[in-house]
file final22.cif (mmCIF, C-alpha atoms)
data_protein
#
loop_
_atom_site.group_PDB
_atom_site.id
_atom_site.type_symbol
_atom_site.label_atom_id
_atom_site.label_comp_id
_atom_site.auth_asym_id
_atom_site.auth_seq_id
_atom_site.Cartn_x
_atom_site.Cartn_y
_atom_site.Cartn_z
ATOM 1 C CA MET A 1 -53.139 10.638 -6.020
ATOM 2 C CA ARG A 2 -49.998 12.726 -6.173
ATOM 3 C CA PRO A 3 -48.426 13.423 -9.569
ATOM 4 C CA VAL A 4 -45.459 11.234 -10.447
ATOM 5 C CA SER A 5 -43.160 14.274 -10.487
ATOM 6 C CA ALA A 6 -44.124 15.144 -6.914
ATOM 7 C CA VAL A 7 -43.458 11.609 -5.710
ATOM 8 C CA LEU A 8 -40.079 11.653 -7.464
ATOM 9 C CA LEU A 9 -39.149 14.913 -5.762
ATOM 10 C CA LEU A 10 -40.054 13.458 -2.377
ATOM 11 C CA LEU A 11 -37.906 10.386 -3.022
ATOM 12 C CA LEU A 12 -34.950 12.501 -4.118
ATOM 13 C CA SER A 13 -35.344 14.715 -1.071
ATOM 14 C CA ALA A 14 -35.397 11.685 1.229
ATOM 15 C CA ALA A 15 -32.292 10.254 -0.431
ATOM 16 C CA GLY A 16 -30.482 13.567 -0.038
ATOM 17 C CA HIS A 17 -31.469 13.782 3.622
ATOM 18 C CA ALA A 18 -30.207 10.213 4.215
ATOM 19 C CA ALA A 19 -26.860 11.165 2.707
ATOM 20 C CA ASP A 20 -26.708 14.266 4.908
ATOM 21 C CA VAL A 21 -27.146 12.304 8.147
ATOM 22 C CA TYR A 22 -24.957 9.333 7.149
ATOM 23 C CA PRO A 23 -23.683 7.457 9.037
ATOM 24 C CA THR A 24 -26.431 6.532 11.492
ATOM 25 C CA LYS A 25 -24.878 3.289 12.782
ATOM 26 C CA PRO A 26 -21.417 1.730 13.277
ATOM 27 C CA ILE A 27 -19.203 1.160 10.236
ATOM 28 C CA ARG A 28 -17.267 -2.066 9.763
ATOM 29 C CA MET A 29 -13.744 -1.750 8.373
ATOM 30 C CA ILE A 30 -12.537 -5.047 6.932
ATOM 31 C CA LEU A 31 -8.773 -5.626 6.991
ATOM 32 C CA PRO A 32 -7.537 -8.612 4.943
ATOM 33 C CA VAL A 33 -4.529 -8.924 7.286
ATOM 34 C CA ALA A 34 -3.792 -10.220 10.769
ATOM 35 C CA PRO A 35 -3.573 -7.812 13.726
ATOM 36 C CA GLY A 36 -0.261 -6.153 14.539
ATOM 37 C CA GLY A 37 1.272 -5.163 11.205
ATOM 38 C CA GLY A 38 1.528 -1.779 9.513
ATOM 39 C CA ALA A 39 -1.897 -1.991 7.867
ATOM 40 C CA ASP A 40 -3.578 -2.942 11.125
ATOM 41 C CA ILE A 41 -1.807 -0.170 13.054
ATOM 42 C CA THR A 42 -2.827 2.338 10.380
ATOM 43 C CA ALA A 43 -6.491 1.367 10.614
ATOM 44 C CA ARG A 44 -6.520 1.430 14.405
ATOM 45 C CA THR A 45 -4.806 4.830 14.411
ATOM 46 C CA ILE A 46 -7.427 6.552 12.256
ATOM 47 C CA ALA A 47 -10.467 4.674 13.578
ATOM 48 C CA PRO A 48 -10.850 6.866 16.711
ATOM 49 C CA LYS A 49 -10.642 10.028 14.592
ATOM 50 C CA LEU A 50 -13.332 8.745 12.251
ATOM 51 C CA THR A 51 -15.486 7.776 15.237
ATOM 52 C CA GLU A 52 -15.181 11.364 16.520
ATOM 53 C CA MET A 53 -16.216 12.781 13.133
ATOM 54 C CA TRP A 54 -19.151 10.474 12.594
ATOM 55 C CA GLY A 55 -20.421 9.930 16.111
ATOM 56 C CA GLN A 56 -20.479 6.251 15.221
ATOM 57 C CA GLN A 57 -18.022 3.523 16.136
ATOM 58 C CA VAL A 58 -15.619 2.135 13.550
ATOM 59 C CA ILE A 59 -15.326 -1.613 14.085
ATOM 60 C CA ILE A 60 -12.078 -3.191 12.869
ATOM 61 C CA ASP A 61 -12.708 -6.635 11.386
ATOM 62 C CA ASN A 62 -9.460 -8.517 10.653
ATOM 63 C CA ARG A 63 -9.998 -11.198 8.021
ATOM 64 C CA PRO A 64 -6.558 -12.614 7.140
ATOM 65 C CA GLY A 65 -6.048 -15.554 4.827
ATOM 66 C CA GLY A 66 -4.955 -16.321 1.299
ATOM 67 C CA GLY A 67 -2.498 -13.449 1.211
ATOM 68 C CA GLY A 68 -5.365 -11.004 1.574
ATOM 69 C CA THR A 69 -7.793 -12.645 -0.845
ATOM 70 C CA MET A 70 -10.186 -13.866 1.855
ATOM 71 C CA GLY A 71 -10.848 -10.447 3.320
ATOM 72 C CA MET A 72 -11.090 -8.860 -0.106
ATOM 73 C CA GLU A 73 -13.669 -11.416 -1.225
ATOM 74 C CA ILE A 74 -15.742 -10.850 1.932
ATOM 75 C CA GLY A 75 -15.599 -7.106 1.375
ATOM 76 C CA SER A 76 -16.569 -7.364 -2.288
ATOM 77 C CA ARG A 77 -19.758 -9.231 -1.338
ATOM 78 C CA ALA A 78 -20.853 -6.855 1.424
ATOM 79 C CA ASN A 79 -23.874 -4.587 1.196
ATOM 80 C CA PRO A 80 -22.810 -1.372 -0.623
ATOM 81 C CA ASP A 81 -24.833 0.792 1.761
ATOM 82 C CA GLY A 82 -21.768 2.591 3.161
ATOM 83 C CA TYR A 83 -21.545 0.608 6.376
ATOM 84 C CA THR A 84 -18.762 -1.701 5.198
ATOM 85 C CA VAL A 85 -15.419 -0.401 3.928
ATOM 86 C CA ILE A 86 -12.264 -2.320 3.120
ATOM 87 C CA GLN A 87 -8.738 -1.195 3.896
ATOM 88 C CA SER A 88 -6.641 -2.798 1.184
ATOM 89 C CA SER A 89 -3.050 -2.427 0.011
ATOM 90 C CA ILE A 90 -0.836 -2.659 -3.027
ATOM 91 C CA GLY A 91 -0.783 -6.476 -2.988
ATOM 92 C CA PRO A 92 -4.477 -7.433 -3.036
ATOM 93 C CA SER A 93 -5.501 -4.370 -5.059
ATOM 94 C CA ALA A 94 -2.734 -3.976 -7.656
ATOM 95 C CA ILE A 95 -0.269 -6.883 -7.731
ATOM 96 C CA ASP A 96 -2.156 -10.115 -7.063
ATOM 97 C CA VAL A 97 -4.265 -9.862 -10.208
ATOM 98 C CA SER A 98 -1.046 -10.423 -12.201
ATOM 99 C CA LEU A 99 0.169 -13.279 -9.982
ATOM 100 C CA HIS A 100 -2.997 -15.364 -9.679
ATOM 101 C CA SER A 101 -5.023 -16.674 -12.588
ATOM 102 C CA LYS A 102 -8.185 -17.097 -10.511
ATOM 103 C CA LEU A 103 -8.688 -14.397 -7.891
ATOM 104 C CA PRO A 104 -12.117 -14.587 -6.194
ATOM 105 C CA TYR A 105 -12.623 -10.892 -6.962
ATOM 106 C CA ASP A 106 -11.787 -8.303 -9.601
ATOM 107 C CA PRO A 107 -9.840 -5.406 -8.009
ATOM 108 C CA VAL A 108 -11.537 -2.877 -10.311
ATOM 109 C CA LYS A 109 -14.998 -4.229 -11.135
ATOM 110 C CA ASP A 110 -15.924 -5.531 -7.675
ATOM 111 C CA PHE A 111 -15.123 -2.421 -5.620
ATOM 112 C CA THR A 112 -15.937 1.267 -5.354
ATOM 113 C CA PRO A 113 -12.723 3.332 -5.031
ATOM 114 C CA ILE A 114 -12.807 5.651 -2.015
ATOM 115 C CA ALA A 115 -9.357 6.942 -1.056
ATOM 116 C CA ARG A 116 -5.638 6.301 -1.231
ATOM 117 C CA GLY A 117 -4.441 6.852 2.309
ATOM 118 C CA VAL A 118 -0.748 6.349 3.025
ATOM 119 C CA SER A 119 2.518 4.889 1.787
ATOM 120 C CA ALA A 120 4.579 2.539 3.933
ATOM 121 C CA LEU A 121 8.057 3.673 2.971
ATOM 122 C CA ASN A 122 10.651 1.195 1.766
ATOM 123 C CA VAL A 123 14.367 1.912 1.894
ATOM 124 C CA LEU A 124 17.146 0.262 -0.081
ATOM 125 C CA VAL A 125 19.658 -0.968 2.495
ATOM 126 C CA VAL A 126 22.892 -2.883 2.002
ATOM 127 C CA HIS A 127 25.087 -4.875 4.375
ATOM 128 C CA SER A 128 27.767 -2.686 5.925
ATOM 129 C CA SER A 129 30.493 -4.832 4.353
ATOM 130 C CA LEU A 130 29.326 -4.090 0.808
ATOM 131 C CA PRO A 131 31.640 -1.399 -0.647
ATOM 132 C CA VAL A 132 28.863 0.882 -1.924
ATOM 133 C CA ARG A 133 27.416 4.112 -0.525
ATOM 134 C CA SER A 134 25.100 5.177 -3.329
ATOM 135 C CA VAL A 135 22.819 3.725 -5.974
ATOM 136 C CA LYS A 136 25.353 4.526 -8.681
ATOM 137 C CA GLU A 137 28.051 2.648 -6.794
ATOM 138 C CA LEU A 138 25.666 -0.281 -6.290
ATOM 139 C CA ILE A 139 24.939 -0.432 -10.017
ATOM 140 C CA SER A 140 28.651 -0.327 -10.871
ATOM 141 C CA HIS A 141 29.438 -3.013 -8.296
ATOM 142 C CA ALA A 142 26.611 -5.244 -9.512
ATOM 143 C CA LYS A 143 27.686 -4.929 -13.139
ATOM 144 C CA ALA A 144 31.266 -5.758 -12.197
ATOM 145 C CA ASN A 145 29.987 -8.808 -10.312
ATOM 146 C CA PRO A 146 27.068 -10.118 -12.395
ATOM 147 C CA ALA A 147 24.657 -12.453 -10.581
ATOM 148 C CA LYS A 148 26.836 -12.433 -7.451
ATOM 149 C CA LEU A 149 24.615 -10.113 -5.418
ATOM 150 C CA ASN A 150 21.540 -11.476 -3.643
ATOM 151 C CA PHE A 151 18.584 -9.340 -2.636
ATOM 152 C CA GLY A 152 16.067 -10.588 -0.121
ATOM 153 C CA SER A 153 12.332 -9.991 0.158
ATOM 154 C CA SER A 154 9.381 -10.825 2.367
ATOM 155 C CA GLY A 155 7.999 -13.127 -0.326
ATOM 156 C CA VAL A 156 7.471 -13.664 -4.040
ATOM 157 C CA GLY A 157 5.278 -10.958 -5.507
ATOM 158 C CA HIS A 158 5.496 -8.669 -2.480
ATOM 159 C CA ALA A 159 6.309 -4.993 -2.949
ATOM 160 C CA ASP A 160 9.925 -5.397 -1.803
ATOM 161 C CA HIS A 161 10.432 -8.232 -4.303
ATOM 162 C CA LEU A 162 8.965 -6.263 -7.210
ATOM 163 C CA ALA A 163 11.035 -3.236 -6.211
ATOM 164 C CA GLY A 164 14.123 -5.370 -6.774
ATOM 165 C CA GLU A 165 12.819 -6.679 -10.083
ATOM 166 C CA LEU A 166 12.026 -3.147 -11.282
ATOM 167 C CA PHE A 167 15.515 -2.056 -10.226
ATOM 168 C CA LYS A 168 17.027 -4.891 -12.278
ATOM 169 C CA THR A 169 14.914 -4.028 -15.322
ATOM 170 C CA LEU A 170 15.690 -0.308 -15.287
ATOM 171 C CA THR A 171 19.421 -0.659 -14.577
ATOM 172 C CA GLY A 172 20.266 -3.856 -16.434
ATOM 173 C CA VAL A 173 22.019 -5.376 -13.425
ATOM 174 C CA LYS A 174 21.843 -9.078 -12.644
ATOM 175 C CA MET A 175 20.986 -9.961 -9.051
ATOM 176 C CA GLU A 176 19.509 -13.091 -7.533
ATOM 177 C CA HIS A 177 16.263 -12.913 -5.591
ATOM 178 C CA VAL A 178 15.906 -14.817 -2.310
ATOM 179 C CA ALA A 179 12.371 -14.963 -0.887
ATOM 180 C CA TYR A 180 11.718 -15.324 2.838
ATOM 181 C CA LYS A 181 8.559 -15.737 4.883
ATOM 182 C CA GLY A 182 8.393 -12.119 5.972
ATOM 183 C CA GLY A 183 10.523 -9.013 6.230
ATOM 184 C CA ALA A 184 12.000 -9.921 9.620
ATOM 185 C CA PRO A 185 13.608 -13.207 8.441
ATOM 186 C CA ALA A 186 14.999 -11.411 5.397
ATOM 187 C CA MET A 187 16.526 -8.740 7.638
ATOM 188 C CA THR A 188 18.075 -11.431 9.840
ATOM 189 C CA GLU A 189 19.775 -12.913 6.778
ATOM 190 C CA LEU A 190 21.020 -9.492 5.704
ATOM 191 C CA LEU A 191 22.464 -8.839 9.149
ATOM 192 C CA GLY A 192 24.194 -12.207 8.979
ATOM 193 C CA GLY A 193 25.758 -11.351 5.634
ATOM 194 C CA ASN A 194 23.940 -14.127 3.783
ATOM 195 C CA ILE A 195 22.391 -11.623 1.368
ATOM 196 C CA GLU A 196 23.688 -8.219 0.340
ATOM 197 C CA LEU A 197 20.633 -5.948 0.118
ATOM 198 C CA ILE A 198 16.910 -5.522 0.747
ATOM 199 C CA PHE A 199 14.266 -3.001 -0.263
ATOM 200 C CA ALA A 200 13.097 -3.093 3.353
ATOM 201 C CA THR A 201 10.250 -1.388 5.166
ATOM 202 C CA VAL A 202 11.375 1.451 7.400
ATOM 203 C CA SER A 203 9.975 -0.179 10.523
ATOM 204 C CA THR A 204 12.140 -3.247 9.867
ATOM 205 C CA ALA A 205 15.280 -1.360 8.874
ATOM 206 C CA VAL A 206 15.532 1.668 11.187
ATOM 207 C CA PRO A 207 16.875 -0.067 14.329
ATOM 208 C CA TYR A 208 19.772 -1.539 12.361
ATOM 209 C CA MET A 209 20.369 1.620 10.331
ATOM 210 C CA LYS A 210 20.967 3.453 13.614
ATOM 211 C CA SER A 211 23.432 0.812 14.801
ATOM 212 C CA GLY A 212 25.389 0.950 11.541
ATOM 213 C CA ARG A 213 24.947 -2.742 10.788
ATOM 214 C CA ILE A 214 23.226 -1.883 7.502
ATOM 215 C CA ARG A 215 23.611 1.160 5.282
ATOM 216 C CA PRO A 216 20.673 3.010 3.693
ATOM 217 C CA ILE A 217 21.399 4.323 0.213
ATOM 218 C CA ALA A 218 17.987 5.326 -1.172
ATOM 219 C CA VAL A 219 14.248 5.400 -0.537
ATOM 220 C CA THR A 220 11.889 3.840 -3.057
ATOM 221 C CA SER A 221 9.247 6.591 -3.073
ATOM 222 C CA GLU A 222 8.720 9.165 -5.808
ATOM 223 C CA LYS A 223 9.883 11.996 -3.562
ATOM 224 C CA ARG A 224 12.112 12.335 -0.522
ATOM 225 C CA VAL A 225 10.375 12.263 2.836
ATOM 226 C CA ALA A 226 11.006 14.661 5.697
ATOM 227 C CA LEU A 227 11.893 11.915 8.171
ATOM 228 C CA PHE A 228 14.848 10.860 5.978
ATOM 229 C CA SER A 229 15.500 14.061 4.070
ATOM 230 C CA ASP A 230 19.192 13.196 3.695
ATOM 231 C CA ILE A 231 18.453 9.925 1.887
ATOM 232 C CA PRO A 232 17.812 10.384 -1.853
ATOM 233 C CA THR A 233 15.229 8.503 -3.893
ATOM 234 C CA VAL A 234 16.302 5.710 -6.226
ATOM 235 C CA ALA A 235 14.996 7.758 -9.156
ATOM 236 C CA GLU A 236 17.052 10.862 -8.398
ATOM 237 C CA SER A 237 20.097 8.648 -7.829
ATOM 238 C CA GLY A 238 20.301 7.748 -11.498
ATOM 239 C CA VAL A 239 17.345 5.413 -12.106
ATOM 240 C CA PRO A 240 14.621 7.601 -13.631
ATOM 241 C CA GLY A 241 11.169 6.046 -13.596
ATOM 242 C CA PHE A 242 11.780 4.027 -10.448
ATOM 243 C CA ALA A 243 9.069 4.345 -7.814
ATOM 244 C CA VAL A 244 7.544 1.690 -5.583
ATOM 245 C CA ASP A 245 5.067 2.934 -3.002
ATOM 246 C CA ASN A 246 3.754 0.252 -0.661
ATOM 247 C CA TRP A 247 0.401 1.981 -0.212
ATOM 248 C CA TYR A 248 -2.780 1.364 1.764
ATOM 249 C CA CYS A 249 -6.174 2.359 0.386
ATOM 250 C CA PHE A 250 -9.893 2.281 1.125
ATOM 251 C CA LEU A 251 -12.597 0.684 -0.967
ATOM 252 C CA GLY A 252 -16.308 0.043 -0.789
ATOM 253 C CA PRO A 253 -18.241 -2.851 -2.271
ATOM 254 C CA ARG A 254 -19.357 -2.402 -5.867
ATOM 255 C CA GLY A 255 -22.448 -0.246 -6.117
ATOM 256 C CA MET A 256 -21.745 2.181 -3.272
ATOM 257 C CA SER A 257 -23.291 5.564 -4.029
ATOM 258 C CA LYS A 258 -21.002 8.305 -5.272
ATOM 259 C CA THR A 259 -22.321 10.636 -2.580
ATOM 260 C CA ILE A 260 -21.287 8.295 0.231
ATOM 261 C CA ALA A 261 -17.961 7.470 -1.452
ATOM 262 C CA ALA A 262 -17.204 11.196 -1.735
ATOM 263 C CA LYS A 263 -18.015 11.793 1.961
ATOM 264 C CA LEU A 264 -15.856 8.852 3.028
ATOM 265 C CA HIS A 265 -13.032 10.120 0.813
ATOM 266 C CA THR A 266 -13.145 13.565 2.435
ATOM 267 C CA ASP A 267 -13.291 12.157 5.944
ATOM 268 C CA PHE A 268 -10.489 9.622 5.431
ATOM 269 C CA ASN A 269 -8.279 12.405 4.085
ATOM 270 C CA ARG A 270 -9.136 14.578 7.116
ATOM 271 C CA ALA A 271 -8.212 11.715 9.443
ATOM 272 C CA PHE A 272 -4.835 11.220 7.763
ATOM 273 C CA GLU A 273 -4.097 14.943 7.974
ATOM 274 C CA ASN A 274 -4.689 14.981 11.730
ATOM 275 C CA PRO A 275 -1.378 15.934 13.452
ATOM 276 C CA GLU A 276 -1.666 13.126 16.022
ATOM 277 C CA VAL A 277 -2.190 10.568 13.262
ATOM 278 C CA VAL A 278 0.689 11.939 11.196
ATOM 279 C CA LYS A 279 3.068 11.834 14.173
ATOM 280 C CA ARG A 280 2.130 8.269 15.139
ATOM 281 C CA LEU A 281 2.395 6.851 11.622
ATOM 282 C CA GLU A 282 5.537 8.720 10.557
ATOM 283 C CA GLY A 283 7.373 7.041 13.414
ATOM 284 C CA LEU A 284 6.657 3.759 11.631
ATOM 285 C CA GLY A 285 7.697 5.040 8.217
ATOM 286 C CA ILE A 286 4.078 5.446 7.083
ATOM 287 C CA PHE A 287 3.296 8.750 5.381
ATOM 288 C CA PRO A 288 0.099 10.391 4.074
ATOM 289 C CA PHE A 289 -0.246 10.120 0.308
ATOM 290 C CA LEU A 290 -3.630 11.640 -0.475
ATOM 291 C CA LEU A 291 -5.412 12.141 -3.784
ATOM 292 C CA PRO A 292 -8.067 14.823 -4.409
ATOM 293 C CA THR A 293 -11.078 12.683 -5.387
ATOM 294 C CA PRO A 294 -12.289 9.072 -5.573
ATOM 295 C CA ASP A 295 -11.987 9.300 -9.374
ATOM 296 C CA ALA A 296 -8.337 10.334 -9.059
ATOM 297 C CA PHE A 297 -7.732 7.315 -6.851
ATOM 298 C CA ALA A 298 -9.538 5.066 -9.351
ATOM 299 C CA ALA A 299 -7.227 6.283 -12.121
ATOM 300 C CA TYR A 300 -4.190 5.782 -9.899
ATOM 301 C CA LEU A 301 -5.299 2.246 -9.061
ATOM 302 C CA ARG A 302 -5.647 1.328 -12.745
ATOM 303 C CA SER A 303 -2.190 2.728 -13.458
ATOM 304 C CA GLU A 304 -0.667 0.713 -10.602
ATOM 305 C CA ILE A 305 -2.301 -2.506 -11.842
ATOM 306 C CA ALA A 306 -0.831 -1.915 -15.303
ATOM 307 C CA LYS A 307 2.575 -1.024 -13.858
ATOM 308 C CA TYR A 308 2.932 -4.184 -11.800
ATOM 309 C CA ALA A 309 1.583 -6.339 -14.599
ATOM 310 C CA ARG A 310 4.544 -5.138 -16.687
ATOM 311 C CA ILE A 311 7.017 -5.786 -13.861
ATOM 312 C CA VAL A 312 5.683 -9.299 -13.252
ATOM 313 C CA LYS A 313 5.836 -10.090 -16.968
ATOM 314 C CA GLU A 314 9.328 -8.660 -17.492
ATOM 315 C CA ALA A 315 10.635 -10.501 -14.419
ATOM 316 C CA GLY A 316 9.161 -13.772 -15.625
ATOM 317 C CA ILE A 317 7.384 -14.402 -12.327
ATOM 318 C CA PRO A 318 5.055 -17.404 -12.829
ATOM 319 C CA THR A 319 1.349 -17.177 -12.063
ATOM 320 C CA ASP A 320 -0.471 -19.923 -10.222
#
call {"tool": "encode", "arguments": {"input": "final22.cif", "output": "structure tokens"}}
result
Amino acid sequence: MRPVSAVLLLLLSAAGHAADVYPTKPIRMILPVAPGGGADITARTIAPKLTEMWGQQVIIDNRPGGGGTMGMEIGSRANPDGYTVIQSSIGPSAIDVSLHSKLPYDPVKDFTPIARGVSALNVLVVHSSLPVRSVKELISHAKANPAKLNFGSSGVGHADHLAGELFKTLTGVKMEHVAYKGGAPAMTELLGGNIELIFATVSTAVPYMKSGRIRPIAVTSEKRVALFSDIPTVAESGVPGFAVDNWYCFLGPRGMSKTIAAKLHTDFNRAFENPEVVKRLEGLGIFPFLLPTPDAFAAYLRSEIAKYARIVKEAGIPTD
């Protein structure tokens, strides 16, 4: 009979070898959204690059429903062997826990953080008839006309809604929120002059920015982006502390090994740094926003959960 220490060494060696050759079969990427949107396009843009790296197919599995909760629940219950990953976003991973009293998953306890991939840029745009060309002018106009400005969003609790609520909190202005069933209907109302401003996604806003029907005055990110280098951030325009990044991230089920999570983190970051990927996504207003380790992403995720919990509470948004 072999000594226990020898058996242990063999087991450790086998585990290390398994990690070295991973993956050995296709990997399923669960998306808690329907096909066609920014998250879906992002996943389908990097999937071929990951397939090239791994020599294994990445299978996109769209599981929409419940505002993202269905796909997240399915992902949380998957085998943590490294062959199921979840592409999530700011809503299901950071905001919904403050909006729903009974989520079918815990965004921290039920997942293994892997990587923070990209930010889908939002831009503060106003109707061309509004006499403001900067954030400072918007604040002055809003304070001179309390509760007379309406800002639209793609829905209660969405990133564009909470961007408006954070703006109100940090500036002290009074604006009315009008929720629509998506960013496109909200943009239609802005173009019609029925609302005055939106913290819109770039993909929704750019066509009308070019035509002059709406006016961009700031981006919501922490830093300026090269694609719109002439548009300042909200923070640098006189609202320090303002930053809303509508990000996408990657998670594994709870219990995924740190070795596999670290490999996935490295490979996801490599995929998002690929020039072809960068070019394709930047055209949609989606930009790489990478963090150095899974632990750094885990810390970022906790900070985002706390941040949006404060915004939801201060805005008085009811939970279900």
call {"tool": "closest_residue", "arguments": {"input": "final22.cif", "among": "A:Leu191, A:Leu103, A:Leu290, A:Leu149", "to": "A:Tyr248", "atoms": "only C-alpha atoms"}}
result
A:Leu290
call {"tool": "closest_residue", "arguments": {"input": "final22.cif", "among": "A:Gly192, A:Pro294, A:Gly75, A:Pro275", "to": "A:Thr45", "atoms": "all atoms listed in the file"}}
result
A:Pro275
call {"tool": "residues_around", "arguments": {"input": "final22.cif", "residues": "A:Phe297", "least_positions_apart": "6", "cutoff": "10 Å", "atoms": "all atoms listed in the file", "output": "JSON, numbers by chain"}}
result
{"A": [113, 114, 115, 116, 117, 249, 250, 265, 290, 291, 303]}
call {"tool": "atom_distance", "arguments": {"input": "final22.cif", "atom1": "atom CA of A:Asp160", "atom2": "atom CA of A:Ile46"}}
result
25.3 Å
call {"tool": "residues_around", "arguments": {"input": "final22.cif", "residues": "A:Val33", "least_positions_apart": "5", "cutoff": "12 Å", "atoms": "all atoms listed in the file", "output": "PyMOL selection string"}}
result
chain A and resi 38-43+60-72+86-89+91-92+248
call {"tool": "atom_distance", "arguments": {"input": "final22.cif", "atom1": "atom CA of A:Ser98", "atom2": "atom CA of A:Val85"}}
result
23.8 Å
call {"tool": "residues_around", "arguments": {"input": "final22.cif", "residues": "A:Leu301", "least_positions_apart": "4", "cutoff": "10 Å", "atoms": "only C-alpha atoms", "output": "count of residues only"}}
result
14
call {"tool": "closest_residue", "arguments": {"input": "final22.cif", "among": "A:Ala218, A:Val234, A:Ile30, A:Ala179", "to": "A:Ile74", "atoms": "all atoms listed in the file"}}
result
A:Ile30
call {"tool": "resolve_selection", "arguments": {"input": "final22.cif", "expression": "the PyMOL selection byres ((chain A and resi 235-237) around 9)", "output": "ChimeraX atom specification"}}
result
/A:134-136,218-223,232-234,238-243
call {"tool": "write_last_selection", "arguments": {"input": "final22.cif", "atoms": "C-alpha atoms", "output": "PDB file, in the frame of the given file"}}
result
ATOM      1  CA  SER A 134      25.100   5.177  -3.329  1.00  0.00           C
ATOM      2  CA  VAL A 135      22.819   3.725  -5.974  1.00  0.00           C
ATOM      3  CA  LYS A 136      25.353   4.526  -8.681  1.00  0.00           C
ATOM      4  CA  ALA A 218      17.987   5.326  -1.172  1.00  0.00           C
ATOM      5  CA  VAL A 219      14.248   5.400  -0.537  1.00  0.00           C
ATOM      6  CA  THR A 220      11.889   3.840  -3.057  1.00  0.00           C
ATOM      7  CA  SER A 221       9.247   6.591  -3.073  1.00  0.00           C
ATOM      8  CA  GLU A 222       8.720   9.165  -5.808  1.00  0.00           C
ATOM      9  CA  LYS A 223       9.883  11.996  -3.562  1.00  0.00           C
ATOM     10  CA  PRO A 232      17.812  10.384  -1.853  1.00  0.00           C
ATOM     11  CA  THR A 233      15.229   8.503  -3.893  1.00  0.00           C
ATOM     12  CA  VAL A 234      16.302   5.710  -6.226  1.00  0.00           C
ATOM     13  CA  GLY A 238      20.301   7.748 -11.498  1.00  0.00           C
ATOM     14  CA  VAL A 239      17.345   5.413 -12.106  1.00  0.00           C
ATOM     15  CA  PRO A 240      14.621   7.601 -13.631  1.00  0.00           C
ATOM     16  CA  GLY A 241      11.169   6.046 -13.596  1.00  0.00           C
ATOM     17  CA  PHE A 242      11.780   4.027 -10.448  1.00  0.00           C
ATOM     18  CA  ALA A 243       9.069   4.345  -7.814  1.00  0.00           C
TER      19      ALA A 243
END
call {"tool": "axis_aligned_box", "arguments": {"input": "final22.cif", "around": "stretch 167-176 of chain A", "padding_each_side": "3 Å", "output": "AutoDock Vina command-line options"}}
result
--center_x 18.5 --center_y -6.7 --center_z -12.0 --size_x 13.1 --size_y 18.8 --size_z 14.9
call {"tool": "closest_residue", "arguments": {"input": "final22.cif", "among": "A:Asn269, A:Thr293, A:Thr201, A:Ser76", "to": "A:Val123", "atoms": "only C-alpha atoms"}}
result
A:Thr201
call {"tool": "atom_distance", "arguments": {"input": "final22.cif", "atom1": "atom CA of A:Ala142", "atom2": "atom CA of A:Ser211"}}
result
25.3 Å
call {"tool": "residues_near_point", "arguments": {"input": "final22.cif", "point": "(-6.7, 11.5, 12.0)", "cutoff": "12 Å", "atoms": "all atoms listed in the file", "output": "number ranges by chain"}}
result
A: 42-53, 117-118, 266-281, 288
call {"tool": "residues_around", "arguments": {"input": "final22.cif", "residues": "A:Thr24", "least_positions_apart": "2", "cutoff": "10 Å", "atoms": "all atoms listed in the file", "output": "PyMOL selection string"}}
result
chain A and resi 18-19+21-22+26-27+54-56+83
call {"tool": "resolve_selection", "arguments": {"input": "final22.cif", "expression": "the PyMOL selection byres ((chain A and resi 178) around 8)", "output": "ChimeraX atom specification"}}
result
/A:150-153,176-177,179-180
call {"tool": "build_atoms", "arguments": {"input": "final22.cif", "residues": "stretch 279-287 of chain A", "atoms": "N, CA and C atoms", "output": "JSON list (two decimals), keeping the file's coordinate frame"}}
result
[["chain", "number", "residue", "atom", "x", "y", "z"],
["A", 279, "LYS", "N", 1.93, 12.10, 13.28],
["A", 279, "LYS", "CA", 3.07, 11.83, 14.17],
["A", 279, "LYS", "C", 3.20, 10.35, 14.49],
["A", 280, "ARG", "N", 2.09, 9.70, 14.79],
["A", 280, "ARG", "CA", 2.13, 8.27, 15.14],
["A", 280, "ARG", "C", 2.61, 7.43, 13.96],
["A", 281, "LEU", "N", 2.07, 7.69, 12.77],
["A", 281, "LEU", "CA", 2.40, 6.85, 11.62],
["A", 281, "LEU", "C", 3.79, 7.14, 11.07],
["A", 282, "GLU", "N", 4.21, 8.40, 11.08],
["A", 282, "GLU", "CA", 5.54, 8.72, 10.56],
["A", 282, "GLU", "C", 6.63, 8.00, 11.34],
["A", 283, "GLY", "N", 6.40, 7.78, 12.62],
["A", 283, "GLY", "CA", 7.37, 7.04, 13.41],
["A", 283, "GLY", "C", 7.56, 5.62, 12.94],
["A", 284, "LEU", "N", 6.58, 5.11, 12.18],
["A", 284, "LEU", "CA", 6.66, 3.76, 11.63],
["A", 284, "LEU", "C", 7.04, 3.76, 10.15],
["A", 285, "GLY", "N", 7.36, 4.95, 9.63],
["A", 285, "GLY", "CA", 7.70, 5.04, 8.22],
["A", 285, "GLY", "C", 6.48, 5.00, 7.31],
["A", 286, "ILE", "N", 5.33, 5.43, 7.85],
["A", 286, "ILE", "CA", 4.08, 5.45, 7.08],
["A", 286, "ILE", "C", 3.66, 6.90, 6.91],
["A", 287, "PHE", "N", 3.49, 7.34, 5.67],
["A", 287, "PHE", "CA", 3.30, 8.75, 5.38],
["A", 287, "PHE", "C", 2.01, 8.98, 4.58]]
